[in-house]
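> First the structure, then my questions, so here it is.
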Amino acid sequence: MKPKIAVVIVVWNGVEDTLECLESLQLDLYLNKEVIIVDNGSTDGSSGIIKSRGFDVKIIRSESNLGFTGGNNLGLSEAQKCGARYAFLLNNDTTVEPEALSALVEAAELQPAAGILSPVIHYYDIPGEIWFAGATLRISAGEALHDLSLQPGRLSKPYVSPWVSGCAMLVRMVAVEQVGGFDDRFYLNWEDVDWCVRMSEVGWEIKVVPSARICHKVGRSQAKLHGRSCYYNVRNSLLLSAKHAGLVGYLRTVVLVLWRHFREALRRSGESRREFLEGAMDGFFDHVAGRYGCHVPRCKSLNAHGEASGSGVRV
């Protein structure tokens, strides 16, 4: 029998996207899977609507928004309880090709050193164009970017990437047991990079599987941040550097991140400039003060199902 997969989908509103994602999973050819919906305090009746449509899913509801990190950690805990060998963390604003899970599991079974494996992710609105196929990482510069030079064919072999997007990742549960789940201090944004770095530090490989493909509605959930991604980019890139770069690397990151955001602010004008600078400085001072998690008091309007974690370009 093929190994069991727990498909974990964290949702915060956006029920129509969730329904389309679940419909694509119904067409998936991998049968030994359990779909776990983590309702992260939705206010649009997501849980009830999903139940009414008759999908074969388990729904866990949190009364409050736990962020991308907390919601997925809740799902990972349930995946462990159900005896899954792998958990597939998936954004609800995605659609999955019928053979994607099979390709990911096949690659994982053939490469036992791989702790996290990612499909190639295409734009939903431009399915012929790739959004994510691998990444670059410079921790001491505060840069974690999509590597757009990578355009693998479907027959290409799996390859190593320093990190992969939290939009879609197959994770080996024994690796989770060793490393732990997401660091809840991030709440959203950069938590996927941190998790991959932590996995790599203890010897697990992070890989992209070109034969596995999904589509992502890029930008839809990012819009729910209402421009606040700047805050999380600054705060969380500095947190990542403080954890992994050493003192000299961390100090370098502080200078470079603040300079890049100041430079970007100069390109803007009026209210946009003010909000951008405010977000950057709030992120910096909250990092210095050790204030992490949800950005109070504005968290109620934030998306926490994953887009910000996999937005690709962190300035």
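A note on labels: chains of the structure tokens are A, B, ... as shown, every chain counts residues from 1, and ligands are counted from 1 in their shown order.
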Give me the residues within 6 Å of stretch 191-207 of chain A as a list in words, counting only C-alpha atoms and dropping any in the same chain fewer than 6 places off.
Ala113, Ala114, Gly115, Ile116, Leu117, Tyr159, Val160, Ser161, Trp163 and Gly166 of chain A
> Please list as a list in words every residue within 7 Å of A:Pro162, counting only C-alpha atoms and excluding residues in the same chain fewer than 5 positions away.
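The residues satisfying every condition are Ala135, Thr136, Leu137 and Ile206 of chain A.
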> DSSP says alpha helix (DSSP H) for which residues of stretch 102-293 of chain A? Put them as a PDB file with N, CA and C atoms, in the first residue's frame?

```pdb
ATOM      1  N   SER A 102       1.092  11.958  -6.391  1.00  0.00           N
ATOM      2  CA  SER A 102       1.803  10.715  -6.716  1.00  0.00           C
ATOM      3  C   SER A 102       3.260  10.987  -7.066  1.00  0.00           C
ATOM      4  N   ALA A 103       3.497  12.055  -7.838  1.00  0.00           N
ATOM      5  CA  ALA A 103       4.863  12.406  -8.237  1.00  0.00           C
ATOM      6  C   ALA A 103       5.696  12.826  -7.032  1.00  0.00           C
ATOM      7  N   LEU A 104       5.089  13.582  -6.112  1.00  0.00           N
ATOM      8  CA  LEU A 104       5.810  14.020  -4.920  1.00  0.00           C
ATOM      9  C   LEU A 104       6.168  12.845  -4.018  1.00  0.00           C
ATOM     10  N   VAL A 105       5.222  11.953  -3.813  1.00  0.00           N
ATOM     11  CA  VAL A 105       5.480  10.801  -2.935  1.00  0.00           C
ATOM     12  C   VAL A 105       6.500   9.862  -3.564  1.00  0.00           C
ATOM     13  N   GLU A 106       6.391   9.645  -4.860  1.00  0.00           N
ATOM     14  CA  GLU A 106       7.366   8.787  -5.539  1.00  0.00           C
ATOM     15  C   GLU A 106       8.773   9.340  -5.367  1.00  0.00           C
ATOM     16  N   ALA A 107       8.933  10.647  -5.533  1.00  0.00           N
ATOM     17  CA  ALA A 107      10.246  11.269  -5.357  1.00  0.00           C
ATOM     18  C   ALA A 107      10.722  11.136  -3.917  1.00  0.00           C
ATOM     19  N   ALA A 108       9.811  11.331  -2.967  1.00  0.00           N
ATOM     20  CA  ALA A 108      10.176  11.230  -1.558  1.00  0.00           C
ATOM     21  C   ALA A 108      10.600   9.820  -1.180  1.00  0.00           C
ATOM     22  N   GLU A 109       9.908   8.826  -1.713  1.00  0.00           N
ATOM     23  CA  GLU A 109      10.242   7.438  -1.389  1.00  0.00           C
ATOM     24  C   GLU A 109      11.585   7.037  -1.994  1.00  0.00           C
ATOM     25  N   LEU A 110      11.930   7.608  -3.151  1.00  0.00           N
ATOM     26  CA  LEU A 110      13.203   7.285  -3.797  1.00  0.00           C
ATOM     27  C   LEU A 110      14.363   8.075  -3.206  1.00  0.00           C
ATOM     28  N   MET A 173       7.061  13.329   7.887  1.00  0.00           N
ATOM     29  CA  MET A 173       6.678  13.507   9.278  1.00  0.00           C
ATOM     30  C   MET A 173       7.809  13.180  10.258  1.00  0.00           C
ATOM     31  N   VAL A 174       8.703  12.279   9.899  1.00  0.00           N
ATOM     32  CA  VAL A 174       9.836  12.007  10.805  1.00  0.00           C
ATOM     33  C   VAL A 174      10.738  13.227  10.896  1.00  0.00           C
ATOM     34  N   ALA A 175      10.801  14.006   9.827  1.00  0.00           N
ATOM     35  CA  ALA A 175      11.578  15.250   9.858  1.00  0.00           C
ATOM     36  C   ALA A 175      10.894  16.272  10.761  1.00  0.00           C
ATOM     37  N   VAL A 176       9.571  16.332  10.707  1.00  0.00           N
ATOM     38  CA  VAL A 176       8.826  17.236  11.587  1.00  0.00           C
ATOM     39  C   VAL A 176       9.047  16.852  13.042  1.00  0.00           C
ATOM     40  N   GLU A 177       9.034  15.551  13.327  1.00  0.00           N
ATOM     41  CA  GLU A 177       9.252  15.098  14.691  1.00  0.00           C
ATOM     42  C   GLU A 177      10.640  15.480  15.198  1.00  0.00           C
ATOM     43  N   GLN A 178      11.602  15.513  14.303  1.00  0.00           N
ATOM     44  CA  GLN A 178      12.965  15.867  14.692  1.00  0.00           C
ATOM     45  C   GLN A 178      13.145  17.375  14.856  1.00  0.00           C
ATOM     46  N   VAL A 179      12.602  18.152  13.925  1.00  0.00           N
ATOM     47  CA  VAL A 179      12.861  19.592  13.880  1.00  0.00           C
ATOM     48  C   VAL A 179      11.774  20.398  14.577  1.00  0.00           C
ATOM     49  N   GLU A 191       8.348  32.220   7.445  1.00  0.00           N
ATOM     50  CA  GLU A 191       8.335  31.000   8.248  1.00  0.00           C
ATOM     51  C   GLU A 191       8.707  29.784   7.415  1.00  0.00           C
ATOM     52  N   ASP A 192       8.376  29.793   6.118  1.00  0.00           N
ATOM     53  CA  ASP A 192       8.752  28.675   5.262  1.00  0.00           C
ATOM     54  C   ASP A 192      10.262  28.630   5.055  1.00  0.00           C
ATOM     55  N   VAL A 193      10.878  29.813   4.907  1.00  0.00           N
ATOM     56  CA  VAL A 193      12.334  29.872   4.767  1.00  0.00           C
ATOM     57  C   VAL A 193      13.006  29.349   6.032  1.00  0.00           C
ATOM     58  N   ASP A 194      12.545  29.816   7.179  1.00  0.00           N
ATOM     59  CA  ASP A 194      13.116  29.373   8.454  1.00  0.00           C
ATOM     60  C   ASP A 194      12.998  27.872   8.625  1.00  0.00           C
ATOM     61  N   TRP A 195      11.840  27.319   8.275  1.00  0.00           N
ATOM     62  CA  TRP A 195      11.624  25.869   8.443  1.00  0.00           C
ATOM     63  C   TRP A 195      12.585  25.086   7.558  1.00  0.00           C
ATOM     64  N   CYS A 196      12.753  25.535   6.324  1.00  0.00           N
ATOM     65  CA  CYS A 196      13.669  24.851   5.414  1.00  0.00           C
ATOM     66  C   CYS A 196      15.114  24.945   5.912  1.00  0.00           C
ATOM     67  N   VAL A 197      15.508  26.110   6.421  1.00  0.00           N
ATOM     68  CA  VAL A 197      16.858  26.270   6.949  1.00  0.00           C
ATOM     69  C   VAL A 197      17.073  25.351   8.149  1.00  0.00           C
ATOM     70  N   ARG A 198      16.103  25.279   9.025  1.00  0.00           N
ATOM     71  CA  ARG A 198      16.211  24.390  10.190  1.00  0.00           C
ATOM     72  C   ARG A 198      16.318  22.931   9.763  1.00  0.00           C
ATOM     73  N   MET A 199      15.543  22.551   8.748  1.00  0.00           N
ATOM     74  CA  MET A 199      15.643  21.189   8.225  1.00  0.00           C
ATOM     75  C   MET A 199      17.038  20.925   7.671  1.00  0.00           C
ATOM     76  N   SER A 200      17.558  21.870   6.903  1.00  0.00           N
ATOM     77  CA  SER A 200      18.878  21.706   6.290  1.00  0.00           C
ATOM     78  C   SER A 200      19.975  21.612   7.345  1.00  0.00           C
ATOM     79  N   GLU A 201      19.830  22.366   8.412  1.00  0.00           N
ATOM     80  CA  GLU A 201      20.859  22.398   9.454  1.00  0.00           C
ATOM     81  C   GLU A 201      21.060  21.051  10.135  1.00  0.00           C
ATOM     82  N   SER A 229       2.367  43.681   4.308  1.00  0.00           N
ATOM     83  CA  SER A 229       3.439  42.709   4.125  1.00  0.00           C
ATOM     84  C   SER A 229       4.804  43.334   4.394  1.00  0.00           C
ATOM     85  N   CYS A 230       4.944  44.650   4.212  1.00  0.00           N
ATOM     86  CA  CYS A 230       6.209  45.334   4.495  1.00  0.00           C
ATOM     87  C   CYS A 230       6.610  45.115   5.950  1.00  0.00           C
ATOM     88  N   TYR A 231       5.650  45.234   6.851  1.00  0.00           N
ATOM     89  CA  TYR A 231       5.925  45.026   8.283  1.00  0.00           C
ATOM     90  C   TYR A 231       6.496  43.639   8.531  1.00  0.00           C
ATOM     91  N   TYR A 232       5.827  42.613   7.994  1.00  0.00           N
ATOM     92  CA  TYR A 232       6.272  41.239   8.228  1.00  0.00           C
ATOM     93  C   TYR A 232       7.582  40.938   7.510  1.00  0.00           C
ATOM     94  N   ASN A 233       7.789  41.541   6.340  1.00  0.00           N
ATOM     95  CA  ASN A 233       9.051  41.337   5.635  1.00  0.00           C
ATOM     96  C   ASN A 233      10.229  41.815   6.471  1.00  0.00           C
ATOM     97  N   VAL A 234      10.109  43.019   7.023  1.00  0.00           N
ATOM     98  CA  VAL A 234      11.209  43.573   7.823  1.00  0.00           C
ATOM     99  C   VAL A 234      11.391  42.786   9.109  1.00  0.00           C
ATOM    100  N   ARG A 235      10.330  42.672   9.870  1.00  0.00           N
ATOM    101  CA  ARG A 235      10.444  42.019  11.177  1.00  0.00           C
ATOM    102  C   ARG A 235      10.947  40.581  11.054  1.00  0.00           C
ATOM    103  N   ASN A 236      10.367  39.848  10.118  1.00  0.00           N
ATOM    104  CA  ASN A 236      10.669  38.421  10.058  1.00  0.00           C
ATOM    105  C   ASN A 236      11.971  38.104   9.353  1.00  0.00           C
ATOM    106  N   SER A 237      12.398  38.944   8.394  1.00  0.00           N
ATOM    107  CA  SER A 237      13.721  38.726   7.802  1.00  0.00           C
ATOM    108  C   SER A 237      14.808  38.958   8.838  1.00  0.00           C
ATOM    109  N   LEU A 238      14.583  39.923   9.735  1.00  0.00           N
ATOM    110  CA  LEU A 238      15.558  40.168  10.804  1.00  0.00           C
ATOM    111  C   LEU A 238      15.537  39.038  11.829  1.00  0.00           C
ATOM    112  N   LEU A 239      14.352  38.502  12.108  1.00  0.00           N
ATOM    113  CA  LEU A 239      14.266  37.352  13.016  1.00  0.00           C
ATOM    114  C   LEU A 239      14.998  36.152  12.432  1.00  0.00           C
ATOM    115  N   LEU A 240      14.808  35.901  11.141  1.00  0.00           N
ATOM    116  CA  LEU A 240      15.503  34.782  10.495  1.00  0.00           C
ATOM    117  C   LEU A 240      17.011  34.951  10.609  1.00  0.00           C
ATOM    118  N   SER A 241      17.491  36.151  10.334  1.00  0.00           N
ATOM    119  CA  SER A 241      18.925  36.416  10.404  1.00  0.00           C
ATOM    120  C   SER A 241      19.439  36.263  11.823  1.00  0.00           C
ATOM    121  N   ALA A 242      18.682  36.759  12.808  1.00  0.00           N
ATOM    122  CA  ALA A 242      19.100  36.630  14.203  1.00  0.00           C
ATOM    123  C   ALA A 242      19.224  35.164  14.613  1.00  0.00           C
ATOM    124  N   LYS A 243      18.389  34.306  14.031  1.00  0.00           N
ATOM    125  CA  LYS A 243      18.424  32.879  14.361  1.00  0.00           C
ATOM    126  C   LYS A 243      19.565  32.140  13.691  1.00  0.00           C
ATOM    127  N   HIS A 244      19.934  32.561  12.455  1.00  0.00           N
ATOM    128  CA  HIS A 244      20.788  31.696  11.644  1.00  0.00           C
ATOM    129  C   HIS A 244      22.066  32.340  11.109  1.00  0.00           C
ATOM    130  N   GLY A 246      24.451  34.452  12.694  1.00  0.00           N
ATOM    131  CA  GLY A 246      25.543  34.875  13.557  1.00  0.00           C
ATOM    132  C   GLY A 246      25.509  36.388  13.745  1.00  0.00           C
ATOM    133  N   LEU A 247      26.294  36.908  14.696  1.00  0.00           N
ATOM    134  CA  LEU A 247      26.223  38.320  15.046  1.00  0.00           C
ATOM    135  C   LEU A 247      26.597  39.233  13.892  1.00  0.00           C
ATOM    136  N   VAL A 248      27.719  38.953  13.230  1.00  0.00           N
ATOM    137  CA  VAL A 248      28.169  39.814  12.141  1.00  0.00           C
ATOM    138  C   VAL A 248      27.162  39.794  10.993  1.00  0.00           C
ATOM    139  N   GLY A 249      26.698  38.601  10.635  1.00  0.00           N
ATOM    140  CA  GLY A 249      25.709  38.480   9.566  1.00  0.00           C
ATOM    141  C   GLY A 249      24.411  39.177   9.918  1.00  0.00           C
ATOM    142  N   TYR A 250      24.010  39.077  11.180  1.00  0.00           N
ATOM    143  CA  TYR A 250      22.777  39.729  11.624  1.00  0.00           C
ATOM    144  C   TYR A 250      22.892  41.249  11.516  1.00  0.00           C
ATOM    145  N   LEU A 251      23.983  41.823  11.985  1.00  0.00           N
ATOM    146  CA  LEU A 251      24.166  43.275  11.910  1.00  0.00           C
ATOM    147  C   LEU A 251      24.173  43.744  10.459  1.00  0.00           C
ATOM    148  N   ARG A 252      24.771  42.943   9.592  1.00  0.00           N
ATOM    149  CA  ARG A 252      24.770  43.275   8.160  1.00  0.00           C
ATOM    150  C   ARG A 252      23.343  43.253   7.617  1.00  0.00           C
ATOM    151  N   THR A 253      22.566  42.279   8.043  1.00  0.00           N
ATOM    152  CA  THR A 253      21.179  42.181   7.585  1.00  0.00           C
ATOM    153  C   THR A 253      20.374  43.412   7.984  1.00  0.00           C
ATOM    154  N   VAL A 254      20.548  43.853   9.221  1.00  0.00           N
ATOM    155  CA  VAL A 254      19.820  45.029   9.703  1.00  0.00           C
ATOM    156  C   VAL A 254      20.078  46.220   8.791  1.00  0.00           C
ATOM    157  N   VAL A 255      21.354  46.467   8.484  1.00  0.00           N
ATOM    158  CA  VAL A 255      21.712  47.616   7.647  1.00  0.00           C
ATOM    159  C   VAL A 255      21.104  47.475   6.248  1.00  0.00           C
ATOM    160  N   LEU A 256      21.266  46.302   5.638  1.00  0.00           N
ATOM    161  CA  LEU A 256      20.807  46.120   4.266  1.00  0.00           C
ATOM    162  C   LEU A 256      19.282  46.153   4.149  1.00  0.00           C
ATOM    163  N   VAL A 257      18.587  45.527   5.083  1.00  0.00           N
ATOM    164  CA  VAL A 257      17.123  45.503   5.024  1.00  0.00           C
ATOM    165  C   VAL A 257      16.558  46.910   5.190  1.00  0.00           C
ATOM    166  N   LEU A 258      17.054  47.647   6.179  1.00  0.00           N
ATOM    167  CA  LEU A 258      16.553  49.001   6.384  1.00  0.00           C
ATOM    168  C   LEU A 258      16.892  49.907   5.208  1.00  0.00           C
ATOM    169  N   TRP A 259      18.091  49.746   4.634  1.00  0.00           N
ATOM    170  CA  TRP A 259      18.471  50.569   3.487  1.00  0.00           C
ATOM    171  C   TRP A 259      17.577  50.274   2.285  1.00  0.00           C
ATOM    172  N   ARG A 260      17.309  49.007   2.014  1.00  0.00           N
ATOM    173  CA  ARG A 260      16.461  48.669   0.873  1.00  0.00           C
ATOM    174  C   ARG A 260      15.057  49.236   1.030  1.00  0.00           C
ATOM    175  N   HIS A 261      14.527  49.171   2.248  1.00  0.00           N
ATOM    176  CA  HIS A 261      13.181  49.680   2.455  1.00  0.00           C
ATOM    177  C   HIS A 261      13.155  51.204   2.400  1.00  0.00           C
ATOM    178  N   PHE A 262      14.181  51.850   2.888  1.00  0.00           N
ATOM    179  CA  PHE A 262      14.252  53.305   2.781  1.00  0.00           C
ATOM    180  C   PHE A 262      14.343  53.719   1.306  1.00  0.00           C
ATOM    181  N   ARG A 263      15.148  52.994   0.555  1.00  0.00           N
ATOM    182  CA  ARG A 263      15.291  53.287  -0.873  1.00  0.00           C
ATOM    183  C   ARG A 263      13.970  53.085  -1.613  1.00  0.00           C
ATOM    184  N   GLU A 264      13.262  52.012  -1.268  1.00  0.00           N
ATOM    185  CA  GLU A 264      11.968  51.764  -1.893  1.00  0.00           C
ATOM    186  C   GLU A 264      10.969  52.866  -1.525  1.00  0.00           C
ATOM    187  N   ALA A 265      11.007  53.343  -0.294  1.00  0.00           N
ATOM    188  CA  ALA A 265      10.093  54.395   0.139  1.00  0.00           C
ATOM    189  C   ALA A 265      10.306  55.663  -0.682  1.00  0.00           C
ATOM    190  N   LEU A 266      11.563  55.950  -1.044  1.00  0.00           N
ATOM    191  CA  LEU A 266      11.856  57.149  -1.816  1.00  0.00           C
ATOM    192  C   LEU A 266      11.238  57.102  -3.211  1.00  0.00           C
ATOM    193  N   GLY A 270       3.426  60.380  -1.236  1.00  0.00           N
ATOM    194  CA  GLY A 270       2.197  60.564  -0.496  1.00  0.00           C
ATOM    195  C   GLY A 270       1.924  59.494   0.530  1.00  0.00           C
ATOM    196  N   GLU A 271       0.666  59.032   0.557  1.00  0.00           N
ATOM    197  CA  GLU A 271       0.220  58.055   1.552  1.00  0.00           C
ATOM    198  C   GLU A 271       0.942  56.720   1.414  1.00  0.00           C
ATOM    199  N   SER A 272       1.249  56.335   0.179  1.00  0.00           N
ATOM    200  CA  SER A 272       1.955  55.075  -0.036  1.00  0.00           C
ATOM    201  C   SER A 272       3.322  55.108   0.633  1.00  0.00           C
ATOM    202  N   ARG A 273       4.033  56.226   0.506  1.00  0.00           N
ATOM    203  CA  ARG A 273       5.348  56.340   1.151  1.00  0.00           C
ATOM    204  C   ARG A 273       5.219  56.281   2.670  1.00  0.00           C
ATOM    205  N   ARG A 274       4.248  57.003   3.200  1.00  0.00           N
ATOM    206  CA  ARG A 274       4.072  57.027   4.649  1.00  0.00           C
ATOM    207  C   ARG A 274       3.762  55.631   5.195  1.00  0.00           C
ATOM    208  N   GLU A 275       2.832  54.917   4.544  1.00  0.00           N
ATOM    209  CA  GLU A 275       2.469  53.582   5.017  1.00  0.00           C
ATOM    210  C   GLU A 275       3.639  52.617   4.904  1.00  0.00           C
ATOM    211  N   PHE A 276       4.403  52.727   3.829  1.00  0.00           N
ATOM    212  CA  PHE A 276       5.545  51.837   3.639  1.00  0.00           C
ATOM    213  C   PHE A 276       6.592  52.060   4.722  1.00  0.00           C
ATOM    214  N   LEU A 277       6.922  53.325   4.984  1.00  0.00           N
ATOM    215  CA  LEU A 277       7.908  53.638   6.024  1.00  0.00           C
ATOM    216  C   LEU A 277       7.402  53.242   7.403  1.00  0.00           C
ATOM    217  N   GLU A 278       6.132  53.483   7.641  1.00  0.00           N
ATOM    218  CA  GLU A 278       5.558  53.114   8.933  1.00  0.00           C
ATOM    219  C   GLU A 278       5.630  51.608   9.147  1.00  0.00           C
ATOM    220  N   GLY A 279       5.287  50.845   8.112  1.00  0.00           N
ATOM    221  CA  GLY A 279       5.353  49.389   8.225  1.00  0.00           C
ATOM    222  C   GLY A 279       6.771  48.903   8.475  1.00  0.00           C
ATOM    223  N   ALA A 280       7.725  49.474   7.750  1.00  0.00           N
ATOM    224  CA  ALA A 280       9.124  49.068   7.909  1.00  0.00           C
ATOM    225  C   ALA A 280       9.638  49.387   9.303  1.00  0.00           C
ATOM    226  N   MET A 281       9.355  50.578   9.788  1.00  0.00           N
ATOM    227  CA  MET A 281       9.860  50.962  11.104  1.00  0.00           C
ATOM    228  C   MET A 281       9.148  50.205  12.219  1.00  0.00           C
ATOM    229  N   ASP A 282       7.838  49.985  12.062  1.00  0.00           N
ATOM    230  CA  ASP A 282       7.122  49.166  13.050  1.00  0.00           C
ATOM    231  C   ASP A 282       7.722  47.764  13.111  1.00  0.00           C
ATOM    232  N   GLY A 283       8.023  47.195  11.941  1.00  0.00           N
ATOM    233  CA  GLY A 283       8.620  45.869  11.903  1.00  0.00           C
ATOM    234  C   GLY A 283       9.974  45.837  12.572  1.00  0.00           C
ATOM    235  N   PHE A 284      10.779  46.869  12.322  1.00  0.00           N
ATOM    236  CA  PHE A 284      12.114  46.930  12.934  1.00  0.00           C
ATOM    237  C   PHE A 284      12.013  47.053  14.452  1.00  0.00           C
ATOM    238  N   PHE A 285      11.204  47.975  14.943  1.00  0.00           N
ATOM    239  CA  PHE A 285      11.137  48.200  16.383  1.00  0.00           C
ATOM    240  C   PHE A 285      10.478  47.030  17.112  1.00  0.00           C
ATOM    241  N   ASP A 286       9.494  46.384  16.480  1.00  0.00           N
ATOM    242  CA  ASP A 286       8.907  45.204  17.106  1.00  0.00           C
ATOM    243  C   ASP A 286       9.924  44.069  17.182  1.00  0.00           C
ATOM    244  N   HIS A 287      10.754  43.922  16.156  1.00  0.00           N
ATOM    245  CA  HIS A 287      11.813  42.914  16.211  1.00  0.00           C
ATOM    246  C   HIS A 287      12.780  43.206  17.356  1.00  0.00           C
ATOM    247  N   VAL A 288      13.212  44.440  17.459  1.00  0.00           N
ATOM    248  CA  VAL A 288      14.152  44.814  18.523  1.00  0.00           C
ATOM    249  C   VAL A 288      13.544  44.571  19.902  1.00  0.00           C
ATOM    250  N   ALA A 289      12.233  44.831  20.025  1.00  0.00           N
ATOM    251  CA  ALA A 289      11.550  44.657  21.308  1.00  0.00           C
ATOM    252  C   ALA A 289      11.113  43.217  21.558  1.00  0.00           C
TER     253      ALA A 289
END
```
> Taking the DSSP secondary structure from the backbone, can you list the residues of stretch 54-163 of chain A that are strand (DSSP E or B), as a PyMOL selection string?
chain A and resi 57-62+86-91+94-96+114-123+130-132+135-138+143-146+159-160
> Taking 2 positions as the minimum chain separation for residues in the same chain, which residues sit within 9 Å of A:Arg85 when counting only C-alpha atoms? Answer as a list in words.
Pro3, Lys4, Ile5, Ala6, Ala79, Gln80, Gly83, Ala87, Val171, Arg172, Met173 and Val174 of chain A
> Figure out the distance between atom CA of A:Tyr187 and atom CA of A:Gly293, please, to one decimal in Å.
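These atoms are spaced 4.8 Å apart.
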> Could you check the closest approach to A:Val38 for each of A:Val96, A:Ile214, A:Leu89, A:Ile126 and tell me which residue wins, using only C-alpha atoms?
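Of A:Val96, A:Ile214, A:Leu89, A:Ile126, the one nearest A:Val38 is A:Leu89, counting only C-alpha atoms.
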